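**Q** Supplied structure: input_29.tsv, TSV, C-alpha atoms.
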```tsv
chain	number	residue	atom	x	y	z
A	286	MET	CA	102.07	11.76	78.58
A	287	LYS	CA	101.01	15.23	77.42
A	288	LEU	CA	97.40	16.13	76.66
A	289	ILE	CA	96.42	18.52	73.85
A	290	VAL	CA	92.72	19.36	73.87
A	291	GLY	CA	90.78	21.08	71.10
A	292	LEU	CA	87.45	22.60	72.09
A	293	GLY	CA	84.31	22.55	69.97
A	294	ASN	CA	80.89	21.01	69.59
A	295	PRO	CA	80.47	17.51	68.10
A	296	GLY	CA	78.45	16.71	64.99
A	297	ALA	CA	78.20	17.83	61.36
A	298	ARG	CA	75.97	20.76	62.28
A	299	TYR	CA	78.83	22.53	64.07
A	300	GLU	CA	81.88	21.44	62.04
A	301	GLY	CA	82.52	24.75	60.29
A	302	ASN	CA	81.61	27.00	63.25
A	303	ARG	CA	84.01	29.62	64.59
A	304	HIS	CA	83.46	28.03	68.02
A	305	ASN	CA	85.06	24.83	66.64
A	306	ILE	CA	88.47	26.24	65.75
A	307	GLY	CA	89.95	24.17	68.59
A	308	PHE	CA	88.68	20.97	66.97
A	309	MET	CA	90.10	22.15	63.64
A	310	ALA	CA	93.53	22.78	65.13
A	311	VAL	CA	93.72	19.34	66.76
A	312	ASP	CA	92.52	17.71	63.52
A	313	GLU	CA	95.33	19.48	61.68
A	314	ILE	CA	97.91	18.27	64.22
A	315	HIS	CA	96.60	14.74	63.71
A	316	ARG	CA	96.75	15.09	59.91
A	317	ARG	CA	100.20	16.65	59.63
A	318	HIS	CA	102.08	14.39	62.05
A	319	SER	CA	102.45	10.74	61.09
A	320	GLY	CA	102.28	8.14	63.82
A	321	PHE	CA	99.04	9.21	65.48
A	322	GLN	CA	96.49	6.43	65.78
A	323	PRO	CA	93.04	6.69	64.18
A	324	TRP	CA	90.49	8.59	66.25
A	325	LYS	CA	88.49	6.45	68.66
A	326	ALA	CA	85.77	7.09	71.23
A	327	ARG	CA	87.11	7.31	74.78
A	328	PHE	CA	86.91	9.60	77.83
A	329	GLN	CA	83.60	11.05	76.57
A	330	GLY	CA	85.38	12.29	73.48
A	331	GLN	CA	87.45	11.38	70.43
A	332	VAL	CA	91.10	10.58	71.18
A	333	SER	CA	94.27	9.67	69.32
A	334	GLU	CA	97.64	8.68	70.79
A	335	GLY	CA	100.95	9.43	69.13
A	336	ARG	CA	104.22	11.29	69.49
A	337	LEU	CA	105.37	14.83	68.88
A	338	GLY	CA	109.15	14.75	68.97
A	339	SER	CA	110.22	12.83	72.04
A	340	GLU	CA	106.91	13.36	73.85
A	341	LYS	CA	104.03	10.91	74.00
A	342	VAL	CA	100.85	12.87	73.33
A	343	LEU	CA	97.12	12.29	73.63
A	344	LEU	CA	94.94	14.43	71.35
A	345	LEU	CA	91.41	14.93	72.66
A	346	LYS	CA	88.21	16.38	71.20
A	347	PRO	CA	85.48	16.27	73.89
A	348	SER	CA	82.11	14.97	72.66
A	349	THR	CA	80.24	16.46	75.62
A	350	TYR	CA	79.42	19.75	73.90
A	351	MET	CA	81.32	22.86	74.85
A	352	ASN	CA	79.63	23.57	78.17
A	353	GLU	CA	80.64	20.18	79.62
A	354	SER	CA	84.17	19.89	78.17
A	355	GLY	CA	85.68	19.55	81.63
A	356	ARG	CA	84.13	16.14	82.18
A	357	SER	CA	86.04	14.69	79.24
A	358	VAL	CA	89.31	16.48	80.03
A	359	GLY	CA	89.14	15.50	83.71
A	360	GLU	CA	88.52	11.85	82.89
A	361	ALA	CA	91.53	11.64	80.54
A	362	MET	CA	93.72	13.55	82.99
A	363	ARG	CA	92.92	11.22	85.89
A	364	PHE	CA	93.35	8.04	83.84
A	365	TYR	CA	96.85	8.99	82.67
A	366	LYS	CA	97.75	10.86	85.88
A	367	ILE	CA	98.58	13.98	83.88
A	368	GLU	CA	99.37	17.21	85.72
A	369	PRO	CA	97.40	20.33	84.68
A	370	GLU	CA	100.68	21.97	83.60
A	371	ASP	CA	101.03	19.24	80.95
A	372	ILE	CA	97.64	20.02	79.41
A	373	VAL	CA	97.22	22.47	76.51
A	374	VAL	CA	93.70	23.62	75.65
A	375	ILE	CA	93.14	25.19	72.21
A	376	TYR	CA	90.03	27.32	71.77
A	377	ASP	CA	88.42	30.33	70.09
A	378	GLU	CA	88.96	33.85	71.46
A	379	LEU	CA	86.49	36.63	70.70
A	380	ASP	CA	88.73	39.35	72.10
A	381	LEU	CA	91.55	38.64	69.64
A	382	PRO	CA	91.39	39.71	65.98
A	383	PRO	CA	91.16	36.94	63.39
A	384	ALA	CA	94.51	35.18	62.71
A	385	LYS	CA	96.01	36.38	66.01
A	386	PHE	CA	96.91	34.02	68.83
A	387	ARG	CA	98.02	34.19	72.43
A	388	MET	CA	99.60	31.72	74.85
A	389	LYS	CA	98.71	31.84	78.51
A	390	VAL	CA	99.14	29.69	81.61
A	391	GLY	CA	96.40	29.75	84.24
A	392	GLY	CA	93.95	32.55	84.84
A	393	GLY	CA	90.19	32.88	84.59
A	394	HIS	CA	87.80	31.58	81.97
A	395	GLY	CA	86.99	34.99	80.44
A	396	GLY	CA	83.37	34.01	79.88
A	397	HIS	CA	84.26	31.01	77.71
A	398	ASN	CA	81.98	28.15	78.72
A	399	GLY	CA	84.45	25.46	77.68
A	400	LEU	CA	87.13	26.91	79.94
A	401	ARG	CA	84.61	27.45	82.71
A	402	SER	CA	83.83	23.72	82.68
A	403	ILE	CA	87.47	22.61	82.45
A	404	THR	CA	88.50	24.88	85.32
A	405	ALA	CA	85.69	23.47	87.46
A	406	HIS	CA	87.02	19.94	86.91
A	407	ILE	CA	90.83	20.34	86.95
A	408	GLY	CA	91.62	23.81	88.30
A	409	GLU	CA	93.14	26.85	86.58
A	410	SER	CA	96.79	25.94	86.05
A	411	TYR	CA	96.49	24.35	82.60
A	412	ARG	CA	97.99	26.04	79.53
A	413	ARG	CA	95.84	27.80	76.96
A	414	LEU	CA	96.34	28.55	73.26
A	415	ARG	CA	93.79	31.17	72.26
A	416	LEU	CA	93.07	31.53	68.54
A	417	GLY	CA	91.45	34.80	67.57
A	418	ILE	CA	88.16	34.79	65.68
A	419	GLY	CA	87.27	38.47	66.16
A	420	HIS	CA	84.18	39.97	67.74
A	421	PRO	CA	80.88	40.80	65.97
A	422	GLY	CA	80.83	44.19	67.70
A	423	ASP	CA	77.69	43.70	69.75
A	424	LYS	CA	77.30	41.37	72.73
A	425	LYS	CA	73.83	40.41	71.52
A	426	LEU	CA	75.31	39.00	68.31
A	427	VAL	CA	77.98	36.82	69.97
A	428	SER	CA	75.99	33.57	70.17
A	429	ASN	CA	75.03	33.55	66.49
A	430	TYR	CA	78.52	34.68	65.54
A	431	VAL	CA	80.48	31.92	67.31
A	432	LEU	CA	77.97	29.28	66.21
A	433	GLY	CA	78.15	30.54	62.63
A	434	ASP	CA	80.51	29.12	60.03
A	435	PHE	CA	83.72	30.82	58.98
A	436	ALA	CA	83.21	32.90	55.86
A	437	LYS	CA	84.97	32.03	52.60
A	438	ALA	CA	87.17	35.10	53.01
A	439	ASP	CA	88.45	33.69	56.32
A	440	ARG	CA	90.15	30.76	54.61
A	441	ASP	CA	93.13	32.88	53.59
A	442	TRP	CA	94.16	33.39	57.23
A	443	LEU	CA	92.53	30.36	58.86
A	444	GLU	CA	94.35	27.66	56.93
A	445	PRO	CA	97.89	29.12	57.40
A	446	LEU	CA	97.19	29.61	61.12
A	447	LEU	CA	96.07	26.01	61.62
A	448	MET	CA	98.98	24.67	59.57
A	449	GLU	CA	101.52	26.60	61.63
A	450	VAL	CA	99.95	25.52	64.93
A	451	ALA	CA	100.20	21.92	63.74
A	452	ASP	CA	103.75	22.22	62.42
A	453	GLN	CA	105.01	23.70	65.70
A	454	ALA	CA	102.94	21.47	68.00
A	455	GLY	CA	106.07	19.61	69.07
A	456	LEU	CA	107.16	22.72	70.96
A	457	LEU	CA	103.86	22.73	72.83
A	458	ALA	CA	104.33	19.09	73.76
A	459	GLU	CA	107.82	19.87	75.12
A	460	GLY	CA	106.53	22.82	77.16
A	461	LYS	CA	108.40	25.39	75.06
A	462	ASP	CA	105.55	27.86	74.87
A	463	SER	CA	107.72	30.93	74.28
A	464	GLN	CA	109.50	29.29	71.36
A	465	PHE	CA	106.16	28.09	69.99
A	466	ALA	CA	104.79	31.64	70.10
A	467	ASN	CA	107.92	33.05	68.46
A	468	LYS	CA	107.80	30.48	65.65
A	469	LEU	CA	104.17	31.30	64.89
A	470	THR	CA	104.84	35.03	64.95
A	471	LEU	CA	107.81	34.59	62.63
A	472	ALA	CA	105.74	32.54	60.17
A	473	LEU	CA	102.52	34.55	60.29
A	474	GLU	CA	103.90	38.05	60.96
A	475	PRO	CA	107.56	38.01	59.86
A	476	GLU	CA	107.85	41.80	59.87
A	477	LYS	CA	106.63	42.01	63.47
A	478	ALA	CA	108.98	39.21	64.57
A	479	GLN	CA	111.98	40.84	62.90
A	480	ARG	CA	111.13	44.25	64.34
A	481	LYS	CA	111.03	42.94	67.90
A	482	GLY	CA	114.19	40.87	67.68
A	483	LYS	CA	114.95	37.90	69.91
A	484	THR	CA	117.39	37.20	72.67
A	485	GLN	CA	119.27	33.92	72.98
A	486	ASP	CA	116.74	32.41	75.41
A	487	GLY	CA	113.98	32.60	72.79
A	488	LYS	CA	112.20	35.63	74.27
A	489	THR	CA	111.77	39.00	72.62
A	490	LYS	CA	113.61	42.03	73.95
A	491	ASP	CA	110.49	43.36	75.69
A	492	GLY	CA	110.06	40.15	77.72
A	493	THR	CA	107.00	38.81	75.93
A	494	ALA	CA	106.59	35.32	74.53
A	495	GLY	CA	106.84	36.36	70.89
A	496	ASP	CA	103.24	37.47	70.25
A	497	GLY	CA	103.72	40.91	71.80
A	498	THR	CA	101.52	40.08	74.77
A	499	PRO	CA	102.69	40.89	78.31
A	500	GLY	CA	101.99	38.00	80.64
A	501	ALA	CA	102.12	35.34	77.94
A	502	ALA	CA	103.66	31.99	78.78
A	503	LYS	CA	107.31	32.25	79.89
A	504	ALA	CA	108.45	28.69	79.30
A	505	THR	CA	112.05	28.41	78.08
A	506	ALA	CA	113.95	25.52	76.58
A	507	SER	CA	117.32	23.93	77.26
A	508	LYS	CA	119.90	24.38	74.52
A	509	ASP	CA	120.16	20.68	73.72
A	510	SER	CA	116.41	20.08	73.38
A	511	THR	CA	115.08	19.35	69.93
A	512	SER	CA	111.58	19.00	68.54
A	513	ALA	CA	110.24	16.85	65.75
A	514	PRO	CA	111.01	18.27	62.32
A	515	ALA	CA	107.98	19.82	60.72
A	516	LYS	CA	106.67	18.36	57.52
A	517	PRO	CA	107.57	20.31	54.34
A	518	LYS	CA	105.24	23.23	53.85
A	519	GLY	CA	103.54	23.50	50.49
A	520	GLN	CA	101.08	25.97	49.10
A	521	SER	CA	97.69	26.08	50.75
A	522	HIS	CA	94.83	24.09	49.23
A	523	ILE	CA	93.18	27.36	48.22
A	524	ARG	CA	96.22	28.75	46.42
A	525	GLN	CA	96.78	25.46	44.61
A	526	ALA	CA	93.20	25.48	43.36
A	527	ARG	CA	93.46	29.09	42.19
A	528	GLN	CA	96.56	28.22	40.17
A	529	GLY	CA	94.81	25.29	38.51
A	530	LYS	CA	96.85	22.67	40.33
A	531	GLN	CA	95.49	19.34	41.52
A	532	VAL	CA	94.50	19.71	45.16
A	533	ASN	CA	95.15	16.92	47.66
A	534	LEU	CA	92.39	17.61	50.18
A	535	PRO	CA	92.44	16.20	53.71
A	536	LYS	CA	90.02	13.26	53.80
A	537	SER	CA	88.30	13.95	57.10
A	538	GLY	CA	87.66	16.56	59.77
A	539	PRO	CA	86.17	20.06	59.77
A	540	MET	CA	88.91	21.49	57.54
A	541	ALA	CA	88.21	18.83	54.89
A	542	ASP	CA	84.48	19.59	54.87
A	543	MET	CA	84.99	23.33	54.65
A	544	LEU	CA	87.53	23.07	51.83
A	545	LYS	CA	85.25	20.75	49.85
A	546	LYS	CA	82.45	23.30	50.06
A	547	LEU	CA	84.76	26.18	49.16
A	548	LEU	CA	86.43	24.41	46.23
A	549	GLY	CA	83.25	22.95	44.83
A	550	GLY	CA	83.60	19.41	46.15
A	551	GLY	CA	80.70	19.58	48.61
A	552	ASP	CA	77.00	20.34	48.74
```
Please express what this file holds, its structure, as structure tokens.
**A**
Amino acid sequence: MKLIVGLGNPGARYEGNRHNIGFMAVDEIHRRHSGFQPWKARFQGQVSEGRLGSEKVLLLKPSTYMNESGRSVGEAMRFYKIEPEDIVVIYDELDLPPAKFRMKVGGGHGGHNGLRSITAHIGESYRRLRLGIGHPGDKKLVSNYVLGDFAKADRDWLEPLLMEVADQAGLLAEGKDSQFANKLTLALEPEKAQRKGKTQDGKTKDGTAGDGTPGAAKATASKDSTSAPAKPKGQSHIRQARQGKQVNLPKSGPMADMLKKLLGGGD
């Protein structure tokens, strides 16, 4: 069993917040991969079991609020006897520009209260997928910024990022963090990926994990390993709407609520 955790705060008040990008990513994984069970309350959070490729996976959104996320993660980890190395935590990163990402294994919490709590409960050796939301420029503005909703202009980068994370989630489940990072870089920044070039083991020539970040996760994959095929990629909901096409919105989750507001289907 592998555990993929999205961090955020529960409730409608926080659904569109920058701080909830981890929830959004896990919701997108749930939506884009068939076979996951409906969300249900368990382990002080919302969980869904399913498969990504050959791996059995538990998706988890803690309902404890960000500062106590570790209680929920620790409870699920102990119940399934999951090792920290088989846990991926997805969360917002102020020190990365919007639309950027970074994989990392272990390390400190960097001031993130969700990570601080998780580390206190399970140690530091879990894997982290940091999704950049940018910084407001002044430390005094951080609280209002992360607890503020994404702007309409953010949708153009936010939706493709979440879709790619979801489509390549099978690589995360199989522990192929370097390949996951390279796939995202190729999809989101094809010019950067082509410029770096890749060696046969899935790493770039400079030894990074595909996002240009020294010290990123160094997981490699065996040649005969395969991941679940990604679902066909269509145009984003926003582009479809701009072209006058009928938009098939997701029915639930933070992304659904945000898109309804943006496209005129909400309050």
**Q** Which one of A:His397, A:Leu471, A:Phe328, A:Leu343 sits closest to Ile367 of chain A if you count only C-alpha atoms?
**A**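 Using only C-alpha atoms, Ile367 of chain A sits closest to A:Leu343.
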**Q** When distances are computed from only C-alpha atoms, which of A:Gly359, A:Val427, A:Ile289, A:Pro382 shows the smallest separation from Glu340 of chain A?
**A**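 Closest candidate: A:Ile289.
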**Q** Taking all atoms listed in the file into account, which of A:Lys468, A:His318, A:Lys461, A:Arg356 comes nearest Glu449 of chain A?
**A**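 For Glu449 of chain A, the nearest of the given residues is A:Lys468.
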**Q** What's the 12 Å shell around Tyr430 of chain A, counting all atoms listed in the file, without same-chain residues fewer than 3 positions away, as a PDB file with C-alpha atoms, keeping the file's coordinate frame?
**A**
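Contents of the output file part-v6.pdb:
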```pdb
ATOM      1  CA  GLY A 301      82.520  24.750  60.290  1.00  0.00           C
ATOM      2  CA  ASN A 302      81.610  27.000  63.250  1.00  0.00           C
ATOM      3  CA  ARG A 303      84.010  29.620  64.590  1.00  0.00           C
ATOM      4  CA  HIS A 304      83.460  28.030  68.020  1.00  0.00           C
ATOM      5  CA  ASN A 305      85.060  24.830  66.640  1.00  0.00           C
ATOM      6  CA  ASP A 377      88.420  30.330  70.090  1.00  0.00           C
ATOM      7  CA  LEU A 379      86.490  36.630  70.700  1.00  0.00           C
ATOM      8  CA  ILE A 418      88.160  34.790  65.680  1.00  0.00           C
ATOM      9  CA  GLY A 419      87.270  38.470  66.160  1.00  0.00           C
ATOM     10  CA  HIS A 420      84.180  39.970  67.740  1.00  0.00           C
ATOM     11  CA  PRO A 421      80.880  40.800  65.970  1.00  0.00           C
ATOM     12  CA  GLY A 422      80.830  44.190  67.700  1.00  0.00           C
ATOM     13  CA  ASP A 423      77.690  43.700  69.750  1.00  0.00           C
ATOM     14  CA  LYS A 424      77.300  41.370  72.730  1.00  0.00           C
ATOM     15  CA  LYS A 425      73.830  40.410  71.520  1.00  0.00           C
ATOM     16  CA  LEU A 426      75.310  39.000  68.310  1.00  0.00           C
ATOM     17  CA  VAL A 427      77.980  36.820  69.970  1.00  0.00           C
ATOM     18  CA  GLY A 433      78.150  30.540  62.630  1.00  0.00           C
ATOM     19  CA  ASP A 434      80.510  29.120  60.030  1.00  0.00           C
ATOM     20  CA  PHE A 435      83.720  30.820  58.980  1.00  0.00           C
ATOM     21  CA  ALA A 436      83.210  32.900  55.860  1.00  0.00           C
TER      22      ALA A 436
END
```
**Q** Which protein, DNA or RNA residues have an atom at most 12 Å from (96.6, 29.9, 61.0), counting all atoms listed in the file? List them as a JSON list (two decimals) with C-alpha atoms, in the frame of the given file.
**A**
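Everything below was put into out29.json:
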```json
[["chain", "number", "residue", "atom", "x", "y", "z"],
["A", 306, "ILE", "CA", 88.47, 26.24, 65.75],
["A", 307, "GLY", "CA", 89.95, 24.17, 68.59],
["A", 309, "MET", "CA", 90.10, 22.15, 63.64],
["A", 310, "ALA", "CA", 93.53, 22.78, 65.13],
["A", 313, "GLU", "CA", 95.33, 19.48, 61.68],
["A", 383, "PRO", "CA", 91.16, 36.94, 63.39],
["A", 384, "ALA", "CA", 94.51, 35.18, 62.71],
["A", 385, "LYS", "CA", 96.01, 36.38, 66.01],
["A", 386, "PHE", "CA", 96.91, 34.02, 68.83],
["A", 415, "ARG", "CA", 93.79, 31.17, 72.26],
["A", 416, "LEU", "CA", 93.07, 31.53, 68.54],
["A", 417, "GLY", "CA", 91.45, 34.80, 67.57],
["A", 418, "ILE", "CA", 88.16, 34.79, 65.68],
["A", 439, "ASP", "CA", 88.45, 33.69, 56.32],
["A", 440, "ARG", "CA", 90.15, 30.76, 54.61],
["A", 441, "ASP", "CA", 93.13, 32.88, 53.59],
["A", 442, "TRP", "CA", 94.16, 33.39, 57.23],
["A", 443, "LEU", "CA", 92.53, 30.36, 58.86],
["A", 444, "GLU", "CA", 94.35, 27.66, 56.93],
["A", 445, "PRO", "CA", 97.89, 29.12, 57.40],
["A", 446, "LEU", "CA", 97.19, 29.61, 61.12],
["A", 447, "LEU", "CA", 96.07, 26.01, 61.62],
["A", 448, "MET", "CA", 98.98, 24.67, 59.57],
["A", 449, "GLU", "CA", 101.52, 26.60, 61.63],
["A", 450, "VAL", "CA", 99.95, 25.52, 64.93],
["A", 451, "ALA", "CA", 100.20, 21.92, 63.74],
["A", 452, "ASP", "CA", 103.75, 22.22, 62.42],
["A", 453, "GLN", "CA", 105.01, 23.70, 65.70],
["A", 469, "LEU", "CA", 104.17, 31.30, 64.89],
["A", 470, "THR", "CA", 104.84, 35.03, 64.95],
["A", 472, "ALA", "CA", 105.74, 32.54, 60.17],
["A", 473, "LEU", "CA", 102.52, 34.55, 60.29],
["A", 474, "GLU", "CA", 103.90, 38.05, 60.96],
["A", 521, "SER", "CA", 97.69, 26.08, 50.75],
["A", 540, "MET", "CA", 88.91, 21.49, 57.54]]
```
**Q** Supply segment 403-420 of chain A as a PDB file, keeping the file's coordinate frame, with N, CA, C and O atoms built in where the input has gaps.
**A**
```pdb
ATOM      1  N   ILE A 403      86.177  23.255  82.207  1.00  0.00           N
ATOM      2  CA  ILE A 403      87.470  22.610  82.450  1.00  0.00           C
ATOM      3  C   ILE A 403      88.047  23.063  83.795  1.00  0.00           C
ATOM      4  O   ILE A 403      88.541  22.254  84.584  1.00  0.00           O
ATOM      5  N   THR A 404      87.982  24.351  84.056  1.00  0.00           N
ATOM      6  CA  THR A 404      88.500  24.880  85.320  1.00  0.00           C
ATOM      7  C   THR A 404      87.766  24.270  86.511  1.00  0.00           C
ATOM      8  O   THR A 404      88.375  23.964  87.540  1.00  0.00           O
ATOM      9  N   ALA A 405      86.464  24.067  86.377  1.00  0.00           N
ATOM     10  CA  ALA A 405      85.690  23.470  87.460  1.00  0.00           C
ATOM     11  C   ALA A 405      86.128  22.038  87.756  1.00  0.00           C
ATOM     12  O   ALA A 405      86.028  21.574  88.892  1.00  0.00           O
ATOM     13  N   HIS A 406      86.648  21.347  86.743  1.00  0.00           N
ATOM     14  CA  HIS A 406      87.020  19.940  86.910  1.00  0.00           C
ATOM     15  C   HIS A 406      88.492  19.735  87.241  1.00  0.00           C
ATOM     16  O   HIS A 406      88.827  18.776  87.943  1.00  0.00           O
ATOM     17  N   ILE A 407      89.389  20.606  86.753  1.00  0.00           N
ATOM     18  CA  ILE A 407      90.830  20.340  86.950  1.00  0.00           C
ATOM     19  C   ILE A 407      91.590  21.532  87.530  1.00  0.00           C
ATOM     20  O   ILE A 407      92.804  21.452  87.714  1.00  0.00           O
ATOM     21  N   GLY A 408      90.919  22.639  87.800  1.00  0.00           N
ATOM     22  CA  GLY A 408      91.620  23.810  88.300  1.00  0.00           C
ATOM     23  C   GLY A 408      92.057  24.741  87.184  1.00  0.00           C
ATOM     24  O   GLY A 408      91.736  24.517  86.007  1.00  0.00           O
ATOM     25  N   GLU A 409      92.813  25.795  87.531  1.00  0.00           N
ATOM     26  CA  GLU A 409      93.140  26.850  86.580  1.00  0.00           C
ATOM     27  C   GLU A 409      94.525  26.749  85.938  1.00  0.00           C
ATOM     28  O   GLU A 409      94.827  27.495  85.006  1.00  0.00           O
ATOM     29  N   SER A 410      95.373  25.842  86.407  1.00  0.00           N
ATOM     30  CA  SER A 410      96.790  25.940  86.050  1.00  0.00           C
ATOM     31  C   SER A 410      97.169  25.258  84.739  1.00  0.00           C
ATOM     32  O   SER A 410      98.342  25.061  84.453  1.00  0.00           O
ATOM     33  N   TYR A 411      96.179  24.907  83.908  1.00  0.00           N
ATOM     34  CA  TYR A 411      96.490  24.350  82.600  1.00  0.00           C
ATOM     35  C   TYR A 411      96.894  25.467  81.630  1.00  0.00           C
ATOM     36  O   TYR A 411      96.654  26.651  81.868  1.00  0.00           O
ATOM     37  N   ARG A 412      97.508  25.076  80.528  1.00  0.00           N
ATOM     38  CA  ARG A 412      97.990  26.040  79.530  1.00  0.00           C
ATOM     39  C   ARG A 412      96.914  26.253  78.453  1.00  0.00           C
ATOM     40  O   ARG A 412      96.159  25.348  78.139  1.00  0.00           O
ATOM     41  N   ARG A 413      96.887  27.468  77.926  1.00  0.00           N
ATOM     42  CA  ARG A 413      95.840  27.800  76.960  1.00  0.00           C
ATOM     43  C   ARG A 413      96.468  28.392  75.696  1.00  0.00           C
ATOM     44  O   ARG A 413      97.352  29.252  75.772  1.00  0.00           O
ATOM     45  N   LEU A 414      95.994  27.942  74.543  1.00  0.00           N
ATOM     46  CA  LEU A 414      96.340  28.550  73.260  1.00  0.00           C
ATOM     47  C   LEU A 414      95.050  29.143  72.704  1.00  0.00           C
ATOM     48  O   LEU A 414      94.139  28.431  72.295  1.00  0.00           O
ATOM     49  N   ARG A 415      94.988  30.465  72.721  1.00  0.00           N
ATOM     50  CA  ARG A 415      93.790  31.170  72.260  1.00  0.00           C
ATOM     51  C   ARG A 415      93.973  31.575  70.806  1.00  0.00           C
ATOM     52  O   ARG A 415      94.946  32.246  70.448  1.00  0.00           O
ATOM     53  N   LEU A 416      93.027  31.198  69.966  1.00  0.00           N
ATOM     54  CA  LEU A 416      93.070  31.530  68.540  1.00  0.00           C
ATOM     55  C   LEU A 416      91.979  32.546  68.251  1.00  0.00           C
ATOM     56  O   LEU A 416      90.795  32.287  68.470  1.00  0.00           O
ATOM     57  N   GLY A 417      92.393  33.711  67.774  1.00  0.00           N
ATOM     58  CA  GLY A 417      91.450  34.800  67.570  1.00  0.00           C
ATOM     59  C   GLY A 417      90.465  34.552  66.452  1.00  0.00           C
ATOM     60  O   GLY A 417      90.835  34.099  65.369  1.00  0.00           O
ATOM     61  N   ILE A 418      89.201  34.865  66.716  1.00  0.00           N
ATOM     62  CA  ILE A 418      88.160  34.790  65.680  1.00  0.00           C
ATOM     63  C   ILE A 418      87.484  36.140  65.485  1.00  0.00           C
ATOM     64  O   ILE A 418      86.606  36.281  64.635  1.00  0.00           O
ATOM     65  N   GLY A 419      87.889  37.157  66.267  1.00  0.00           N
ATOM     66  CA  GLY A 419      87.270  38.470  66.160  1.00  0.00           C
ATOM     67  C   GLY A 419      85.945  38.537  66.907  1.00  0.00           C
ATOM     68  O   GLY A 419      85.428  37.520  67.383  1.00  0.00           O
ATOM     69  N   HIS A 420      85.424  39.722  67.010  1.00  0.00           N
ATOM     70  CA  HIS A 420      84.180  39.970  67.740  1.00  0.00           C
ATOM     71  C   HIS A 420      83.161  40.601  66.796  1.00  0.00           C
ATOM     72  O   HIS A 420      83.523  41.450  65.975  1.00  0.00           O
TER      73      HIS A 420
END
```
